[in-house]
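Raw query.csv, CSV, C-alpha atoms:
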```
chain,number,residue,atom,x,y,z
S,1,MET,CA,-13.6,34.1,-55.1
S,2,PRO,CA,-11.3,31.1,-55.1
S,3,GLY,CA,-9.6,29.8,-51.9
S,4,ARG,CA,-6.3,28.0,-51.6
S,5,LEU,CA,-7.6,24.4,-51.0
S,6,SER,CA,-8.6,21.9,-53.6
S,7,ASP,CA,-12.0,20.1,-53.5
S,8,ALA,CA,-10.3,17.0,-52.0
S,9,GLU,CA,-8.6,19.0,-49.4
S,10,MET,CA,-11.9,20.7,-48.5
S,11,VAL,CA,-13.6,17.3,-48.1
S,12,ALA,CA,-10.8,16.1,-45.7
S,13,LEU,CA,-10.9,19.4,-43.8
S,14,LEU,CA,-14.7,19.2,-43.4
S,15,ALA,CA,-14.4,15.7,-42.1
S,16,ASP,CA,-12.0,16.9,-39.4
S,17,VAL,CA,-14.3,19.7,-38.5
S,18,GLU,CA,-17.2,17.3,-38.2
S,19,ARG,CA,-15.0,15.3,-35.7
S,20,GLY,CA,-14.6,18.5,-33.6
S,21,ASP,CA,-11.0,19.3,-34.5
S,22,ASP,CA,-10.5,22.9,-33.4
S,23,VAL,CA,-7.4,23.4,-35.6
S,24,ALA,CA,-9.4,22.2,-38.6
S,25,MET,CA,-12.2,24.6,-37.7
S,26,GLY,CA,-9.7,27.5,-37.7
S,27,ASN,CA,-8.2,26.4,-41.0
S,28,LEU,CA,-11.6,26.1,-42.6
S,29,ALA,CA,-12.5,29.5,-41.3
S,30,VAL,CA,-9.5,30.9,-43.0
S,31,GLU,CA,-10.5,29.2,-46.2
S,32,LEU,CA,-14.0,30.5,-46.0
S,33,HIS,CA,-12.7,34.0,-45.3
S,34,LEU,CA,-10.5,33.7,-48.4
S,35,ARG,CA,-13.6,32.7,-50.4
S,36,GLY,CA,-15.5,35.7,-49.2
S,37,GLN,CA,-17.8,33.6,-46.9
S,38,GLN,CA,-17.5,35.8,-43.8
S,39,ALA,CA,-20.5,34.5,-41.9
S,40,GLY,CA,-19.3,30.9,-42.1
S,41,ALA,CA,-15.7,32.0,-41.2
S,42,MET,CA,-16.9,33.9,-38.2
S,43,HIS,CA,-19.0,31.0,-37.0
S,44,LEU,CA,-16.1,28.5,-37.3
S,45,TRP,CA,-13.6,30.9,-35.6
S,46,GLU,CA,-16.1,31.2,-32.7
S,47,ARG,CA,-16.4,27.4,-32.4
S,48,SER,CA,-12.7,26.9,-32.6
S,49,TRP,CA,-12.0,29.7,-30.1
S,50,ALA,CA,-14.7,28.2,-27.8
S,51,ALA,CA,-12.7,24.9,-28.0
S,52,GLY,CA,-9.6,26.7,-26.9
S,53,ASN,CA,-7.8,27.5,-30.1
S,54,THR,CA,-5.9,30.7,-29.4
S,55,VAL,CA,-5.0,31.3,-33.1
S,56,SER,CA,-8.8,31.3,-33.9
S,57,GLY,CA,-9.4,33.7,-30.9
S,58,PHE,CA,-6.8,36.1,-32.3
S,59,ASN,CA,-8.2,35.8,-35.9
S,60,LEU,CA,-11.7,36.4,-34.5
S,61,GLY,CA,-10.5,39.5,-32.7
S,62,MET,CA,-8.8,40.7,-35.9
S,63,GLN,CA,-12.0,40.4,-37.8
S,64,TYR,CA,-13.8,42.5,-35.2
S,65,GLU,CA,-11.0,45.0,-35.3
S,66,MET,CA,-11.2,45.3,-39.1
S,67,ALA,CA,-15.0,45.6,-38.9
S,68,GLY,CA,-14.6,48.6,-36.6
S,69,ASP,CA,-15.6,46.8,-33.4
S,70,SER,CA,-12.5,47.6,-31.4
S,71,ASN,CA,-14.1,47.0,-28.0
S,72,ARG,CA,-15.1,43.4,-29.0
S,73,ALA,CA,-11.6,42.8,-30.4
S,74,GLN,CA,-10.0,44.1,-27.2
S,75,VAL,CA,-12.1,41.8,-25.1
S,76,LEU,CA,-11.1,38.8,-27.2
S,77,TRP,CA,-7.5,39.8,-27.4
S,78,GLU,CA,-7.3,40.2,-23.7
S,79,GLN,CA,-8.5,36.7,-23.2
S,80,VAL,CA,-6.1,35.3,-25.9
S,81,ALA,CA,-3.2,37.4,-24.6
S,82,ALA,CA,-3.8,36.1,-21.1
S,83,LEU,CA,-3.1,32.6,-22.6
S,84,GLY,CA,0.3,33.9,-23.8
S,85,ASP,CA,-0.4,34.8,-27.5
S,86,PRO,CA,2.1,37.5,-28.6
S,87,ASP,CA,0.0,38.5,-31.6
S,88,ALA,CA,-3.0,39.3,-29.3
S,89,MET,CA,-0.6,41.2,-27.0
S,90,LEU,CA,0.6,43.2,-30.0
S,91,GLY,CA,-2.9,43.9,-31.1
S,92,LEU,CA,-3.7,45.3,-27.6
S,93,VAL,CA,-0.6,47.5,-27.7
S,94,LYS,CA,-1.6,48.9,-31.1
S,95,GLN,CA,-5.1,49.6,-29.8
S,96,ALA,CA,-3.6,51.3,-26.8
S,97,LEU,CA,-1.3,53.5,-28.9
S,98,GLU,CA,-4.2,54.5,-31.1
S,99,ARG,CA,-6.2,55.5,-28.0
S,100,GLY,CA,-3.3,57.2,-26.2
S,101,ASP,CA,-3.7,54.7,-23.4
S,102,ALA,CA,-0.3,54.6,-21.7
S,103,ALA,CA,-1.4,52.1,-19.1
S,104,GLY,CA,-2.5,49.7,-21.9
S,105,VAL,CA,0.9,50.1,-23.6
S,106,GLU,CA,2.7,49.5,-20.3
S,107,ARG,CA,0.6,46.5,-19.6
S,108,TRP,CA,1.3,44.6,-22.9
S,109,ALA,CA,4.5,45.9,-24.5
S,110,PRO,CA,6.8,44.3,-21.9
S,111,GLU,CA,4.9,41.0,-22.4
S,112,VAL,CA,5.6,41.2,-26.2
S,113,LEU,CA,9.2,42.0,-25.6
S,114,ALA,CA,9.6,39.0,-23.3
S,115,GLN,CA,8.6,36.6,-26.1
S,116,ASP,CA,11.0,34.5,-28.1
S,117,GLU,CA,9.3,35.2,-31.4
S,118,ALA,CA,10.9,38.0,-33.5
S,119,PHE,CA,7.9,39.0,-35.6
S,120,PRO,CA,5.7,40.4,-32.9
S,121,ILE,CA,8.7,42.2,-31.3
S,122,THR,CA,9.7,43.8,-34.7
S,123,ALA,CA,6.0,44.7,-35.3
S,124,LEU,CA,6.0,46.3,-31.9
S,125,GLY,CA,9.0,48.4,-32.9
S,126,VAL,CA,7.2,49.4,-36.1
S,127,ALA,CA,4.2,50.5,-34.0
S,128,PHE,CA,6.3,52.6,-31.7
S,129,ARG,CA,8.1,54.1,-34.7
S,130,ASP,CA,4.9,54.9,-36.4
S,131,HIS,CA,3.6,56.7,-33.3
S,132,GLY,CA,6.8,58.7,-33.0
S,133,ASP,CA,8.4,56.9,-30.1
S,134,LEU,CA,11.8,56.2,-31.5
S,135,ASP,CA,13.4,55.2,-28.2
S,136,ARG,CA,10.9,52.4,-27.6
S,137,ALA,CA,11.1,51.5,-31.3
S,138,VAL,CA,14.9,51.1,-31.1
S,139,HIS,CA,14.5,49.1,-27.9
S,140,ALA,CA,12.1,46.7,-29.6
S,141,PHE,CA,14.3,46.4,-32.7
S,142,ARG,CA,17.3,45.6,-30.6
S,143,ARG,CA,15.4,42.9,-28.8
S,144,ALA,CA,14.3,41.4,-32.1
S,145,GLU,CA,17.9,41.7,-33.4
S,146,GLU,CA,19.0,39.5,-30.5
S,147,LEU,CA,16.7,36.8,-32.0
S,148,GLY,CA,18.4,37.3,-35.3
S,149,ASP,CA,15.6,39.2,-37.1
S,150,ALA,CA,17.0,40.9,-40.3
S,151,TYR,CA,13.9,43.1,-40.6
S,152,ALA,CA,14.5,44.6,-37.2
S,153,MET,CA,18.1,45.4,-38.2
S,154,GLU,CA,16.9,47.1,-41.4
S,155,TYR,CA,14.3,49.2,-39.6
S,156,ARG,CA,16.9,50.3,-37.0
S,157,ALA,CA,19.4,51.0,-39.8
S,158,ARG,CA,16.8,53.4,-41.3
S,159,ILE,CA,16.5,55.2,-38.0
S,160,LEU,CA,20.3,55.4,-37.8
S,161,THR,CA,20.5,56.8,-41.3
S,162,ALA,CA,17.9,59.4,-40.5
S,163,GLN,CA,20.0,60.4,-37.5
S,164,GLY,CA,23.1,60.8,-39.8
S,165,ARG,CA,24.8,57.8,-38.3
S,166,THR,CA,25.5,56.2,-41.7
S,167,ALA,CA,28.5,54.2,-40.7
S,168,GLU,CA,26.5,52.4,-37.9
S,169,ALA,CA,23.6,52.0,-40.3
S,170,GLY,CA,25.9,50.4,-43.0
S,171,ALA,CA,27.3,47.9,-40.5
S,172,LEU,CA,23.8,47.0,-39.3
S,173,LEU,CA,22.7,46.5,-42.9
S,174,ALA,CA,25.6,44.2,-43.4
S,175,ARG,CA,24.5,42.2,-40.4
S,176,ALA,CA,21.0,42.1,-41.7
S,177,ALA,CA,22.2,40.7,-45.1
S,178,GLU,CA,24.1,38.1,-43.3
S,179,ALA,CA,21.1,37.2,-41.1
S,180,GLN,CA,19.0,36.9,-44.2
S,181,ARG,CA,21.5,34.6,-45.9
S,182,MET,CA,21.4,32.3,-42.8
S,183,LEU,CA,17.7,31.6,-43.2
```

Write out the structure in this file as structure tokens.
Amino acid sequence: MPGRLSDAEMVALLADVERGDDVAMGNLAVELHLRGQQAGAMHLWERSWAAGNTVSGFNLGMQYEMAGDSNRAQVLWEQVAALGDPDAMLGLVKQALERGDAAGVERWAPEVLAQDEAFPITALGVAFRDHGDLDRAVHAFRRAEELGDAYAMEYRARILTAQGRTAEAGALLARAAEAQRML
């Protein structure tokens, strides 16, 4: 299975890994993952996370989650989230929603909403929507809209349309189109 890096890029990346560069370790782990070399990817994500790379900690937790080891993913994500990573916080909220763990949702959802990154906030809104909590979904979408996220506007417009509030939905979709053009 091919990766995304050329042979020359791989050689340079390997040299950085040999020097102990935690970002290079995480990048090489992604490359190995893309090439289907999961054991090598996991080893490098472990090393990179041990060196303090939060992105690698999140990715490692994601691999455990996808492998069905939610407990191990939760432990990792709690550590990564404590360092301020909004993606790990979002992962914890999603796990809590799946378990029906209101305390877990209450612990991490406000932390996601307090971030200044639109993507995890919009994803939080989607998670709430998918679990039938439209009030919290709308709250998250509005927060992401404050950050200019066109996707959040589109998601909220769909909710408005389903509620028969088509004029509001149309205005919001126009705002979303404008926000998209501004990128």

(request) Report the distance between CA of Tyr64 (chain S) and CA of Ala140 (chain S) in Å, rounded to one decimal place. (result)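 Pair CA of Tyr64 (chain S) / CA of Ala140 (chain S) returns 26.8 Å.
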
(message) Under the rule that only C-alpha atoms are counted, which of S:Ala73, S:Leu160, S:Ala81, S:Leu28 is the nearest residue to Asp16 (chain S)?
(response) S:Leu28

(message) Using all atoms listed in the file for the distances, tell me which of S:Glu78, S:Ala144, S:Ile121, S:Val30 is nearest to Arg107 (chain S).
(response) S:Glu78

(request) Compare S:Glu18, S:Asp69, S:Ala41, S:Ala88 by their minimum atom-to-atom distance to Gly57 (chain S), counting only C-alpha atoms, and give me the closest one. (result) S:Ala88

(request) Could you jot down the CA of Ala103 (chain S) to CA of Ala82 (chain S) separation for me, Å, one decimal place? (result)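 Computed distance, CA of Ala103 (chain S) to CA of Ala82 (chain S), equals 16.3 Å.
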
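Neighbouring residues of Met42 (chain S) at 10 Å or closer, counting only C-alpha atoms and skipping chain neighbours under 2 positions away, are Gly26, Ala29, Val30, Leu32, His33, Gln37, Gln38, Ala39, Gly40, Leu44, Trp45, Glu46, Arg47, Ser48, Ser56, Asn59, Leu60, Gln63 and Tyr64 of chain S.
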
(message) Just to confirm, what's the straight-line distance from CA of Ala109 (chain S) to CA of Val126 (chain S) in Å (one decimal)?
(response)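 Rounded to one decimal, the two atoms are 12.4 Å apart.
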
(message) Calculated over all atoms listed in the file, which of the candidates S:Ala150, S:Val11, S:Ala67, S:Ala102 has the smallest distance to Arg181 (chain S)?
(response)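 Closest to Arg181 (chain S) of all the choices is S:Ala150.
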
(message) Which residues are close to Gly91 (chain S), i.e. within 10 Å by all atoms listed in the file, leaving aside same-chain residues fewer than 6 positions away? Reply as an MDAnalysis selection string.
(response) chainID S and resid 58 61:62 65 73:74 77:78 81 97 108 120 123:124

(request) Find, counting all atoms listed in the file, the residue in S:Leu13, S:Leu83, S:Ala127, S:Met182 that gets nearest to Glu111 (chain S). (result) S:Leu83

(request) Could you tell me which of S:Ala171, S:Leu147, S:Val138, S:Ala179 comes closest to Ile159 (chain S) if we count all atoms listed in the file? (result)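 Once distances to Ile159 (chain S) are computed over all atoms listed in the file, the minimum belongs to S:Val138.
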
Take region 129-163 of chain S, model N, CA and C atoms, and hand the result over as a tab-separated table (two decimals), keeping the file's coordinate frame.
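Okay, this is what ended up in out-v5.tsv:
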```tsv
chain	number	residue	atom	x	y	z
S	129	ARG	N	7.55	53.17	-33.68
S	129	ARG	CA	8.10	54.10	-34.70
S	129	ARG	C	7.02	54.92	-35.32
S	130	ASP	N	5.96	54.24	-35.73
S	130	ASP	CA	4.90	54.90	-36.40
S	130	ASP	C	4.13	55.91	-35.52
S	131	HIS	N	4.25	55.73	-34.21
S	131	HIS	CA	3.60	56.70	-33.30
S	131	HIS	C	4.65	57.67	-32.71
S	132	GLY	N	5.83	57.72	-33.34
S	132	GLY	CA	6.80	58.70	-33.00
S	132	GLY	C	7.66	58.45	-31.77
S	133	ASP	N	7.61	57.25	-31.24
S	133	ASP	CA	8.40	56.90	-30.10
S	133	ASP	C	9.63	56.11	-30.50
S	134	LEU	N	10.65	56.85	-30.97
S	134	LEU	CA	11.80	56.20	-31.50
S	134	LEU	C	12.64	55.45	-30.47
S	135	ASP	N	12.66	55.94	-29.23
S	135	ASP	CA	13.40	55.20	-28.20
S	135	ASP	C	12.85	53.84	-27.96
S	136	ARG	N	11.54	53.76	-27.83
S	136	ARG	CA	10.90	52.40	-27.60
S	136	ARG	C	11.02	51.58	-28.87
S	137	ALA	N	10.95	52.22	-30.04
S	137	ALA	CA	11.10	51.50	-31.30
S	137	ALA	C	12.48	50.83	-31.35
S	138	VAL	N	13.50	51.60	-31.06
S	138	VAL	CA	14.90	51.10	-31.10
S	138	VAL	C	15.04	49.96	-30.07
S	139	HIS	N	14.45	50.14	-28.90
S	139	HIS	CA	14.50	49.10	-27.90
S	139	HIS	C	13.92	47.78	-28.40
S	140	ALA	N	12.76	47.87	-29.03
S	140	ALA	CA	12.10	46.70	-29.60
S	140	ALA	C	12.94	46.08	-30.71
S	141	PHE	N	13.45	46.93	-31.60
S	141	PHE	CA	14.30	46.40	-32.70
S	141	PHE	C	15.50	45.71	-32.19
S	142	ARG	N	16.14	46.28	-31.17
S	142	ARG	CA	17.30	45.60	-30.60
S	142	ARG	C	16.98	44.25	-30.01
S	143	ARG	N	15.83	44.16	-29.36
S	143	ARG	CA	15.40	42.90	-28.80
S	143	ARG	C	15.17	41.85	-29.92
S	144	ALA	N	14.54	42.28	-31.01
S	144	ALA	CA	14.30	41.40	-32.10
S	144	ALA	C	15.63	41.02	-32.82
S	145	GLU	N	16.58	41.94	-32.83
S	145	GLU	CA	17.90	41.70	-33.40
S	145	GLU	C	18.59	40.54	-32.60
S	146	GLU	N	18.39	40.54	-31.28
S	146	GLU	CA	19.00	39.50	-30.50
S	146	GLU	C	18.45	38.10	-30.90
S	147	LEU	N	17.25	38.09	-31.48
S	147	LEU	CA	16.70	36.80	-32.00
S	147	LEU	C	17.01	36.60	-33.44
S	148	GLY	N	17.88	37.47	-33.99
S	148	GLY	CA	18.40	37.30	-35.30
S	148	GLY	C	17.49	37.84	-36.45
S	149	ASP	N	16.57	38.75	-36.12
S	149	ASP	CA	15.60	39.20	-37.10
S	149	ASP	C	16.25	40.32	-38.01
S	150	ALA	N	16.41	39.98	-39.29
S	150	ALA	CA	17.00	40.90	-40.30
S	150	ALA	C	16.13	42.13	-40.47
S	151	TYR	N	14.82	41.96	-40.44
S	151	TYR	CA	13.90	43.10	-40.60
S	151	TYR	C	14.12	44.16	-39.54
S	152	ALA	N	14.26	43.71	-38.31
S	152	ALA	CA	14.50	44.60	-37.20
S	152	ALA	C	15.79	45.40	-37.43
S	153	MET	N	16.80	44.70	-37.91
S	153	MET	CA	18.10	45.40	-38.20
S	153	MET	C	17.91	46.43	-39.27
S	154	GLU	N	17.15	46.10	-40.32
S	154	GLU	CA	16.90	47.10	-41.40
S	154	GLU	C	16.13	48.26	-40.91
S	155	TYR	N	15.11	48.03	-40.09
S	155	TYR	CA	14.30	49.20	-39.60
S	155	TYR	C	15.19	50.06	-38.69
S	156	ARG	N	16.02	49.46	-37.85
S	156	ARG	CA	16.90	50.30	-37.00
S	156	ARG	C	17.93	51.01	-37.82
S	157	ALA	N	18.41	50.37	-38.89
S	157	ALA	CA	19.40	51.00	-39.80
S	157	ALA	C	18.76	52.27	-40.41
S	158	ARG	N	17.48	52.22	-40.75
S	158	ARG	CA	16.80	53.40	-41.30
S	158	ARG	C	16.77	54.54	-40.31
S	159	ILE	N	16.53	54.19	-39.06
S	159	ILE	CA	16.50	55.20	-38.00
S	159	ILE	C	17.92	55.82	-37.87
S	160	LEU	N	18.94	54.96	-37.86
S	160	LEU	CA	20.30	55.40	-37.80
S	160	LEU	C	20.67	56.36	-38.93
S	161	THR	N	20.26	55.97	-40.12
S	161	THR	CA	20.50	56.80	-41.30
S	161	THR	C	19.85	58.15	-41.17
S	162	ALA	N	18.60	58.17	-40.71
S	162	ALA	CA	17.90	59.40	-40.50
S	162	ALA	C	18.56	60.32	-39.49
S	163	GLN	N	19.28	59.69	-38.56
S	163	GLN	CA	20.00	60.40	-37.50
S	163	GLN	C	21.40	60.83	-37.98
```
